[in-house]
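Pasted below: input20.txt, compact mmCIF, C-alpha atoms.
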```txt
# COMPACT_ATOMS: atom_id res chain seq x y z
CA MET B 1376 -4.33 -12.58 -10.97
CA ALA B 1377 -4.20 -16.33 -11.03
CA SER B 1378 -7.21 -18.27 -12.20
CA GLY B 1379 -8.08 -21.93 -12.37
CA THR B 1380 -10.77 -24.59 -12.14
CA GLY B 1381 -11.79 -27.24 -9.64
CA GLY B 1382 -10.71 -27.43 -6.02
CA GLY B 1383 -13.94 -26.79 -4.14
CA SER B 1384 -17.53 -25.80 -4.69
CA THR B 1385 -17.32 -22.00 -4.46
CA PRO B 1386 -19.52 -20.56 -7.24
CA ALA B 1387 -17.69 -18.78 -10.07
CA SER B 1388 -19.58 -15.55 -9.33
CA ALA B 1389 -18.35 -15.57 -5.72
CA ARG B 1390 -14.77 -16.27 -6.80
CA ASP B 1391 -14.93 -13.45 -9.34
CA ALA B 1392 -16.31 -11.04 -6.73
CA ALA B 1393 -13.51 -11.95 -4.32
CA ALA B 1394 -10.84 -11.48 -6.99
CA ARG B 1395 -12.26 -8.25 -8.41
CA PRO B 1396 -10.52 -5.08 -7.20
CA VAL B 1397 -12.49 -2.68 -5.03
CA PHE B 1398 -11.47 0.26 -7.21
CA ALA B 1399 -10.31 -0.17 -10.82
CA VAL B 1400 -9.01 2.95 -12.58
CA GLU B 1401 -8.03 2.97 -16.25
CA GLY B 1402 -6.68 5.82 -18.37
CA LEU B 1403 -7.89 8.51 -15.95
CA TRP B 1404 -7.45 12.17 -16.86
CA LYS B 1405 -8.44 15.37 -15.10
CA VAL B 1406 -7.81 18.49 -17.13
CA PHE B 1407 -8.75 21.97 -15.96
CA GLY B 1408 -9.36 24.69 -18.53
CA PRO B 1409 -11.28 25.48 -21.74
CA LYS B 1410 -12.42 22.52 -23.85
CA ALA B 1411 -10.59 20.18 -21.49
CA ASP B 1412 -11.78 16.98 -23.13
CA ARG B 1413 -9.76 17.67 -26.30
CA VAL B 1414 -6.47 17.12 -24.41
CA PRO B 1415 -6.74 13.36 -23.66
CA ALA B 1416 -8.39 12.83 -27.06
CA ASP B 1417 -5.47 14.36 -29.00
CA PRO B 1418 -2.17 12.41 -28.72
CA GLY B 1419 -0.23 15.53 -29.71
CA LEU B 1420 -1.70 17.58 -26.88
CA ALA B 1421 -1.54 14.69 -24.41
CA ALA B 1422 2.20 14.39 -24.98
CA LEU B 1423 2.95 18.05 -24.15
CA ASP B 1424 4.58 18.93 -20.84
CA ALA B 1425 2.72 21.15 -18.39
CA ALA B 1426 4.17 24.48 -19.59
CA GLU B 1427 3.62 23.74 -23.29
CA LEU B 1428 0.08 22.49 -22.68
CA ARG B 1429 -0.79 25.67 -20.76
CA SER B 1430 0.74 27.85 -23.46
CA ARG B 1431 -1.06 26.14 -26.35
CA THR B 1432 -4.45 25.39 -24.81
CA GLY B 1433 -4.79 27.30 -21.53
CA CYS B 1434 -5.34 23.95 -19.83
CA THR B 1435 -3.68 22.21 -16.89
CA ALA B 1436 -3.59 18.41 -16.73
CA ALA B 1437 -3.69 17.58 -13.02
CA VAL B 1438 -4.05 13.82 -13.63
CA ARG B 1439 -2.57 12.28 -16.80
CA ASP B 1440 -3.51 8.84 -18.04
CA VAL B 1441 -3.41 7.11 -14.65
CA SER B 1442 -4.29 3.43 -14.25
CA PHE B 1443 -4.27 1.25 -11.11
CA ASP B 1444 -6.45 -0.99 -9.01
CA VAL B 1445 -7.05 -1.14 -5.27
CA ARG B 1446 -7.31 -4.65 -3.90
CA LYS B 1447 -9.69 -5.65 -1.16
CA GLY B 1448 -8.14 -5.28 2.30
CA GLU B 1449 -5.00 -3.40 1.25
CA VAL B 1450 -3.67 0.02 2.18
CA PHE B 1451 -3.01 1.68 -1.17
CA VAL B 1452 -0.94 4.85 -0.84
CA VAL B 1453 -0.82 7.60 -3.47
CA MET B 1454 2.27 9.67 -2.81
CA GLY B 1455 3.78 12.75 -4.38
CA LEU B 1456 4.96 16.29 -3.78
CA SER B 1457 2.64 19.29 -3.82
CA GLY B 1458 1.13 19.71 -7.28
CA SER B 1459 1.71 16.10 -8.33
CA GLY B 1460 -2.04 15.45 -8.72
CA LYS B 1461 -2.57 13.04 -5.83
CA SER B 1462 -5.42 14.91 -4.08
CA THR B 1463 -7.19 15.55 -7.39
CA LEU B 1464 -6.89 11.84 -8.13
CA VAL B 1465 -8.52 10.68 -4.89
CA ARG B 1466 -11.36 13.17 -5.32
CA CYS B 1467 -12.01 11.77 -8.80
CA LEU B 1468 -12.63 8.31 -7.31
CA THR B 1469 -16.00 9.41 -5.92
CA ARG B 1470 -16.49 12.27 -8.40
CA LEU B 1471 -16.05 15.04 -5.87
CA ILE B 1472 -14.06 16.25 -8.86
CA GLU B 1473 -15.43 15.17 -12.25
CA PRO B 1474 -12.86 13.27 -14.34
CA THR B 1475 -12.23 14.43 -17.89
CA ALA B 1476 -11.60 10.98 -19.40
CA GLY B 1477 -11.01 7.37 -18.41
CA THR B 1478 -12.90 4.80 -16.38
CA ILE B 1479 -13.44 4.31 -12.64
CA ALA B 1480 -15.22 1.26 -11.25
CA ILE B 1481 -16.04 0.29 -7.66
CA ASP B 1482 -16.80 -3.42 -7.29
CA GLY B 1483 -17.23 -3.52 -11.06
CA GLU B 1484 -19.80 -0.69 -11.14
CA ASP B 1485 -19.09 2.29 -13.41
CA VAL B 1486 -18.69 5.33 -11.14
CA ARG B 1487 -18.80 7.79 -14.07
CA ALA B 1488 -22.22 6.43 -15.10
CA MET B 1489 -23.77 6.90 -11.64
CA ASP B 1490 -26.67 9.32 -11.28
CA ARG B 1491 -26.93 11.71 -8.33
CA ALA B 1492 -28.77 9.28 -6.09
CA ARG B 1493 -26.24 6.50 -6.74
CA LEU B 1494 -23.32 8.87 -6.18
CA ARG B 1495 -24.85 9.98 -2.89
CA GLU B 1496 -25.11 6.33 -1.84
CA LEU B 1497 -21.47 5.77 -2.86
CA ARG B 1498 -20.22 8.66 -0.74
CA ARG B 1499 -22.42 7.96 2.26
CA HIS B 1500 -22.10 4.20 2.49
CA ARG B 1501 -19.30 2.76 0.37
CA ALA B 1502 -16.35 5.18 0.30
CA ALA B 1503 -15.91 7.58 3.24
CA MET B 1504 -13.40 10.43 3.09
CA VAL B 1505 -11.14 11.61 5.93
CA PHE B 1506 -9.77 15.07 5.15
CA GLN B 1507 -6.78 17.04 6.43
CA HIS B 1508 -9.19 19.70 7.70
CA PHE B 1509 -11.48 17.84 10.03
CA GLY B 1510 -14.71 19.69 9.15
CA LEU B 1511 -16.22 18.98 12.56
CA LEU B 1512 -19.43 20.73 13.59
CA PRO B 1513 -18.31 23.07 16.41
CA HIS B 1514 -21.68 23.22 18.18
CA ARG B 1515 -22.01 19.43 18.41
CA THR B 1516 -20.43 17.07 20.90
CA VAL B 1517 -17.90 14.43 19.92
CA LEU B 1518 -20.64 11.80 20.04
CA ASP B 1519 -22.99 13.76 17.81
CA ASN B 1520 -20.21 14.61 15.35
CA VAL B 1521 -19.38 10.92 15.04
CA ALA B 1522 -23.09 10.06 14.64
CA TYR B 1523 -23.65 12.74 11.98
CA GLY B 1524 -23.20 10.47 8.96
CA LEU B 1525 -25.64 7.97 10.45
CA GLU B 1526 -28.13 10.78 11.05
CA VAL B 1527 -27.85 11.77 7.39
CA GLN B 1528 -28.53 8.14 6.48
CA GLY B 1529 -31.78 8.33 8.47
CA MET B 1530 -30.81 6.10 11.41
CA GLY B 1531 -32.78 6.69 14.62
CA ARG B 1532 -31.21 8.76 17.41
CA ARG B 1533 -30.82 5.94 19.94
CA GLU B 1534 -29.34 3.48 17.45
CA ARG B 1535 -26.92 5.97 15.92
CA ARG B 1536 -25.67 7.15 19.31
CA GLU B 1537 -25.03 3.54 20.38
CA LYS B 1538 -23.09 2.95 17.18
CA ALA B 1539 -21.18 6.22 17.67
CA ARG B 1540 -20.19 5.20 21.22
CA GLU B 1541 -18.71 1.95 19.90
CA VAL B 1542 -16.63 3.77 17.31
CA VAL B 1543 -15.54 6.50 19.75
CA ALA B 1544 -14.14 3.75 21.98
CA LYS B 1545 -12.48 2.07 19.00
CA VAL B 1546 -10.43 5.21 18.18
CA GLY B 1547 -9.42 5.84 21.80
CA LEU B 1548 -11.73 8.72 22.72
CA ASP B 1549 -13.51 7.07 25.66
CA GLY B 1550 -14.60 9.67 28.20
CA LEU B 1551 -14.61 12.57 25.69
CA GLU B 1552 -18.03 11.92 24.19
CA GLN B 1553 -19.62 15.11 25.54
CA ARG B 1554 -16.79 17.50 24.69
CA ARG B 1555 -17.02 19.87 21.75
CA PRO B 1556 -14.33 20.10 19.05
CA GLY B 1557 -12.92 23.35 20.48
CA GLN B 1558 -12.06 21.49 23.69
CA LEU B 1559 -9.95 18.88 21.89
CA SER B 1560 -6.33 18.76 20.70
CA GLY B 1561 -5.54 18.46 16.99
CA GLY B 1562 -4.89 14.75 17.31
CA GLN B 1563 -8.15 14.21 19.17
CA GLN B 1564 -10.06 16.16 16.51
CA GLN B 1565 -8.54 13.98 13.81
CA ARG B 1566 -9.63 10.88 15.74
CA VAL B 1567 -13.18 12.28 15.73
CA GLY B 1568 -12.93 12.72 11.96
CA LEU B 1569 -11.70 9.14 11.61
CA ALA B 1570 -14.46 7.85 13.89
CA ARG B 1571 -17.10 9.72 11.87
CA ALA B 1572 -15.89 8.00 8.70
CA LEU B 1573 -15.76 4.58 10.39
CA ALA B 1574 -19.26 4.94 11.86
CA VAL B 1575 -20.96 4.57 8.47
CA ASP B 1576 -19.04 1.27 8.02
CA PRO B 1577 -17.73 2.06 4.53
CA GLU B 1578 -16.15 -0.50 2.27
CA VAL B 1579 -13.26 1.89 1.58
CA LEU B 1580 -11.71 4.66 3.66
CA LEU B 1581 -10.20 7.48 1.59
CA PHE B 1582 -7.61 9.57 3.46
CA ASP B 1583 -6.56 12.90 1.90
CA GLU B 1584 -3.36 13.92 3.73
CA PRO B 1585 -5.21 13.58 7.03
CA PHE B 1586 -2.22 14.01 9.35
CA SER B 1587 -0.10 16.61 7.56
CA ALA B 1588 -1.15 19.46 9.89
CA LEU B 1589 -0.38 17.51 13.07
CA ASP B 1590 2.75 17.68 15.22
CA PRO B 1591 5.23 14.84 14.48
CA LEU B 1592 4.51 12.85 17.65
CA ILE B 1593 0.74 13.12 17.24
CA ARG B 1594 1.13 12.26 13.57
CA ARG B 1595 2.98 9.09 14.48
CA ASP B 1596 0.25 8.18 16.98
CA MET B 1597 -2.37 8.58 14.25
CA GLN B 1598 -0.33 6.44 11.86
CA GLU B 1599 -0.24 3.75 14.55
CA GLU B 1600 -4.01 4.11 14.88
CA VAL B 1601 -4.51 3.51 11.15
CA ILE B 1602 -2.17 0.49 11.27
CA ARG B 1603 -4.05 -0.91 14.28
CA LEU B 1604 -7.48 -0.41 12.72
CA HIS B 1605 -6.34 -1.99 9.48
CA ARG B 1606 -4.85 -4.96 11.31
CA GLU B 1607 -8.04 -5.48 13.35
CA GLU B 1608 -10.62 -4.85 10.61
CA GLY B 1609 -8.81 -5.49 7.32
CA ARG B 1610 -10.63 -2.53 5.82
CA THR B 1611 -9.57 -1.31 2.38
CA MET B 1612 -7.86 2.08 2.54
CA VAL B 1613 -6.62 4.62 -0.01
CA PHE B 1614 -4.18 6.99 1.67
CA ILE B 1615 -2.86 10.23 0.12
CA THR B 1616 0.37 11.72 1.46
CA HIS B 1617 3.38 13.81 0.47
CA ASP B 1618 5.50 12.18 3.17
CA LEU B 1619 7.67 9.29 1.97
CA ASN B 1620 8.23 7.84 5.45
CA GLU B 1621 4.46 7.83 6.05
CA ALA B 1622 3.90 6.12 2.70
CA LEU B 1623 6.52 3.44 3.40
CA ARG B 1624 5.16 2.86 6.88
CA LEU B 1625 1.50 2.51 5.93
CA GLY B 1626 1.36 1.25 2.36
CA ASP B 1627 0.99 -2.30 1.11
CA ARG B 1628 1.53 -0.72 -2.32
CA ILE B 1629 2.49 2.81 -3.28
CA ALA B 1630 1.73 4.80 -6.44
CA LEU B 1631 4.35 7.55 -6.69
CA MET B 1632 3.11 10.54 -8.72
CA ARG B 1633 4.90 13.31 -10.54
CA ASP B 1634 3.30 15.97 -12.76
CA GLY B 1635 -0.01 14.11 -12.84
CA ARG B 1636 1.46 10.74 -13.82
CA VAL B 1637 2.22 7.59 -11.82
CA VAL B 1638 5.97 7.12 -12.27
CA GLN B 1639 6.16 3.91 -10.24
CA LEU B 1640 3.64 1.58 -8.60
CA GLY B 1641 4.86 -1.15 -6.29
CA THR B 1642 5.43 -2.34 -2.76
CA PRO B 1643 7.61 -0.22 -0.47
CA GLU B 1644 10.34 -2.80 -0.96
CA GLU B 1645 10.11 -2.58 -4.76
CA ILE B 1646 10.20 1.21 -4.78
CA VAL B 1647 13.18 1.45 -2.42
CA GLY B 1648 15.01 -1.57 -3.84
CA SER B 1649 14.32 -1.09 -7.56
CA PRO B 1650 13.56 2.58 -8.35
CA ALA B 1651 11.96 2.98 -11.79
CA ASP B 1652 13.95 6.06 -12.81
CA ASP B 1653 16.29 8.78 -11.55
CA TYR B 1654 13.40 10.75 -10.03
CA VAL B 1655 12.34 7.82 -7.84
CA ARG B 1656 15.96 6.96 -7.09
CA GLU B 1657 16.56 10.49 -5.79
CA PHE B 1658 13.29 10.38 -3.87
CA VAL B 1659 14.30 7.27 -1.90
CA ARG B 1660 18.01 8.03 -1.68
CA ASP B 1661 18.01 8.75 2.08
CA VAL B 1662 15.64 5.95 3.09
CA PRO B 1663 17.32 3.45 5.47
CA ARG B 1664 17.09 0.39 3.22
CA GLU B 1665 17.44 -2.03 6.11
CA GLN B 1666 14.15 -0.79 7.60
CA VAL B 1667 12.17 -1.37 4.39
CA MET B 1668 13.78 -4.32 2.61
CA THR B 1669 12.72 -7.75 3.85
CA VAL B 1670 14.80 -10.84 4.40
CA ARG B 1671 13.52 -12.36 1.17
CA THR B 1672 15.68 -9.81 -0.64
CA ALA B 1673 18.84 -11.02 1.11
CA MET B 1674 18.03 -14.72 1.15
CA ARG B 1675 20.18 -17.50 -0.29
CA PRO B 1676 19.57 -21.28 -0.36
CA ALA B 1677 20.22 -23.06 2.93
CA SER B 1678 22.57 -26.02 3.36
CA ALA B 1679 21.20 -29.08 5.17
CA ARG B 1680 22.95 -27.98 8.37
CA GLU B 1681 21.78 -24.35 8.13
CA ALA B 1682 18.16 -25.42 7.56
CA GLY B 1683 18.10 -27.07 10.99
CA GLU B 1684 19.73 -24.45 13.22
CA GLY B 1685 20.06 -20.76 13.82
CA PRO B 1686 17.52 -18.02 14.64
CA ALA B 1687 14.22 -18.11 12.76
CA LEU B 1688 12.66 -15.12 11.01
CA ALA B 1689 9.36 -14.66 9.16
CA PRO B 1690 9.56 -13.83 5.44
CA ARG B 1691 8.29 -10.28 6.15
CA ALA B 1692 10.99 -9.56 8.75
CA THR B 1693 13.12 -6.56 7.83
CA VAL B 1694 16.82 -6.67 7.06
CA SER B 1695 17.32 -4.57 10.19
CA GLU B 1696 15.70 -7.26 12.33
CA ALA B 1697 17.79 -9.93 10.61
CA ILE B 1698 21.05 -8.02 11.21
CA GLU B 1699 20.21 -7.90 14.92
CA ALA B 1700 19.44 -11.65 15.01
CA VAL B 1701 22.63 -12.63 13.15
CA ALA B 1702 24.77 -10.32 15.29
CA ARG B 1703 23.22 -11.68 18.49
CA THR B 1704 23.75 -15.36 17.66
CA GLY B 1705 26.69 -15.31 15.27
CA GLN B 1706 24.78 -17.66 12.95
CA ALA B 1707 22.96 -17.27 9.66
CA ALA B 1708 19.24 -16.75 10.28
CA ARG B 1709 16.65 -19.07 8.76
CA VAL B 1710 13.69 -17.61 6.87
CA MET B 1711 10.79 -19.81 7.98
CA ASP B 1712 7.27 -20.03 6.60
CA GLY B 1713 4.84 -22.51 8.13
CA GLY B 1714 7.64 -24.72 9.45
CA ARG B 1715 9.45 -24.76 6.08
CA CYS B 1716 12.89 -23.20 5.65
CA LEU B 1717 12.81 -20.97 2.56
CA GLY B 1718 16.48 -20.02 2.81
CA VAL B 1719 18.96 -18.24 5.06
CA VAL B 1720 20.40 -14.76 5.43
CA ASP B 1721 23.95 -14.18 6.61
CA HIS B 1722 26.04 -11.16 7.56
CA GLU B 1723 27.52 -10.68 4.09
CA ARG B 1724 24.19 -10.83 2.24
CA LEU B 1725 22.51 -8.49 4.71
CA LEU B 1726 25.23 -5.86 4.44
CA GLY B 1727 25.03 -6.15 0.65
CA VAL B 1728 21.34 -5.23 0.74
CA VAL B 1729 22.01 -2.28 3.05
CA ALA B 1730 24.67 -1.01 0.64
CA GLY B 1731 22.43 -1.62 -2.37
CA THR B 1732 24.91 -4.00 -4.00
CA ASP B 1733 23.13 -7.30 -3.45
CA ARG B 1734 19.49 -8.09 -4.21
CA GLY B 1735 19.78 -11.68 -3.00
CA GLU B 1736 17.38 -14.39 -4.11
CA ALA B 1737 14.12 -12.49 -3.68
CA VAL B 1738 11.01 -14.63 -4.17
```
For the file at hand, write its structure as structure tokens.
Amino acid sequence: MASGTGGGSTPASARDAAARPVFAVEGLWKVFGPKADRVPADPGLAALDAAELRSRTGCTAAVRDVSFDVRKGEVFVVMGLSGSGKSTLVRCLTRLIEPTAGTIAIDGEDVRAMDRARLRELRRHRAAMVFQHFGLLPHRTVLDNVAYGLEVQGMGRRERREKAREVVAKVGLDGLEQRRPGQLSGGQQQRVGLARALAVDPEVLLFDEPFSALDPLIRRDMQEEVIRLHREEGRTMVFITHDLNEALRLGDRIALMRDGRVVQLGTPEEIVGSPADDYVREFVRDVPREQVMTVRTAMRPASAREAGEGPALAPRATVSEAIEAVARTGQAARVMDGGRCLGVVDHERLLGVVAGTDRGEAV
């Protein structure tokens, strides 16, 4: 994070608060089994693989020495196959599962030091969870399910129902307020679960594989809903998934887990374009690079003539979009940012990125 002095009258405390991550996780472990805390404390035990650790101690390390931060306003995706530790990790953030070792802070406050009352406040107001299994109350209407968290907070009936109506409309359930969960489709039920989490206006939304049980078309609709809500509200989100395409589609940054560890943390473009090891490389092998890599990756300096003509693309435009623009016009495309030409992309450079042989002049 960059720091500096001068340039305005914003107090240092306000600048620090703005720069501070929402969640900061350092050296986090979750070990299940007898005398679990000895595992992270003993370098010899900590270095054992899963089978050896089980054999020697009877313990399983679901999360191993994980560190990351979640920045304000980003969608942070934790991705991995079944058993990688991702769901255990997200439950540790609000101590639904108690960590074995390490530190967790939300807005600089030590989560592991919170007493019961403070933890309750964290879960009810600051970090709301959206689960795969919706957990809706079958005897309550959509409106009253959405208002449930506000009821728990002690909000009056009239006020909470007004708030619930606003959120129901926001997630596209207008007209279904008086239906019960059993009268809804799976996608509609998941929208109710999302609305219930949004109603308490949390600082962070935590999604634990929320769409994995949905049909592909409904799943895509729900992904679009998350993208739309994030675009409109800029709310911080932590999203757990085993689906690489979902991770690439939703994530500003992705932490890819294997056997309890984060094997790579980066943007979708970094993970697809520069895999950290053979495991990640194999994971992303079938991803269409042109749909993930941006034009910055294929960019080269522009000549004076090129800087003044040709189709214009934003720096976040994908290589796929650039290929279409270059093919349509027969000219190199300019990468423009605020009226300034950062560089150009041409047919040769774009095809090099698709083939994985050219990383361009990424900036």
Exercise. Interatomic distance between atom CA of B:Gln1558 and atom CA of B:Asp1583?
Worked result: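 So the two atoms, atom CA of B:Gln1558 and atom CA of B:Asp1583, lie 24.1 Å apart.
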For this session: Would you mind listing what lies within 8 Å of stretch 1535-1551 of chain B as a list in words, with all atoms listed in the file counted and same-chain residues fewer than 4 positions away left out?
Result: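 Returned residues: Val1517, Leu1518, Asp1519, Val1521, Ala1522, Leu1525, Glu1526, Met1530, Gly1531, Gln1563, Arg1566, Val1567, Leu1569, Ala1570, Arg1571, Leu1573, Ala1574 and Glu1600 of chain B.
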Closest atom pairs, stretch 1683-1722 of chain B residues within 12 Å of stretch 1636-1646 of chain B, all atoms listed in the file, as a tab-separated table:
```
residue	atom	partner	partner_atom	distance
B:Arg1691	CA	B:Glu1644	CA	10.5
B:Ala1692	CA	B:Glu1644	CA	11.8
B:Thr1693	CA	B:Glu1644	CA	10.0
B:Val1694	CA	B:Glu1644	CA	11.0
```
Exercise. In Å, with one decimal, what is the gap from atom CA of B:Phe1506 to atom CA of B:Arg1532?
Worked result: 25.5 Å
For this session: Identify, on the basis of only C-alpha atoms, every residue whose closest approach to stretch 1703-1710 of chain B does not exceed 8 Å; exclude the query and any residue fewer than 6 positions from it along the same chain; express the result as JSON, numbers by chain.
Result: {"B": [1670, 1671, 1674, 1677, 1681, 1682, 1684, 1685, 1686, 1687, 1688, 1689, 1690, 1697, 1716, 1717, 1718, 1719, 1720, 1721, 1722]}
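Rounded to one decimal, atom CA of B:Ala1426 and atom CA of B:Asp1440 lie 17.5 Å from each other.
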For this session: Name the closest residue to B:Leu1456 among the candidates B:Leu1619, B:Ile1629, B:Ala1651, B:Leu1512; distances are taken between atoms, counting only C-alpha atoms.
Result: B:Leu1619
For this session: May I have the residues within 9 Å of B:Val1445 as an MDAnalysis selection string, using all atoms listed in the file and disregarding those fewer than 5 positions away in the same chain?
Result: chainID B and resid 1396:1400 1450:1451 1611:1613
Exercise. Which residue out of B:Pro1556, B:Asp1590, B:Leu1726, B:Ile1479 has the minimum interatomic distance to B:Arg1515 when all atoms listed in the file are used?
Worked result: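 Result for the nearest residue to B:Arg1515: B:Pro1556.
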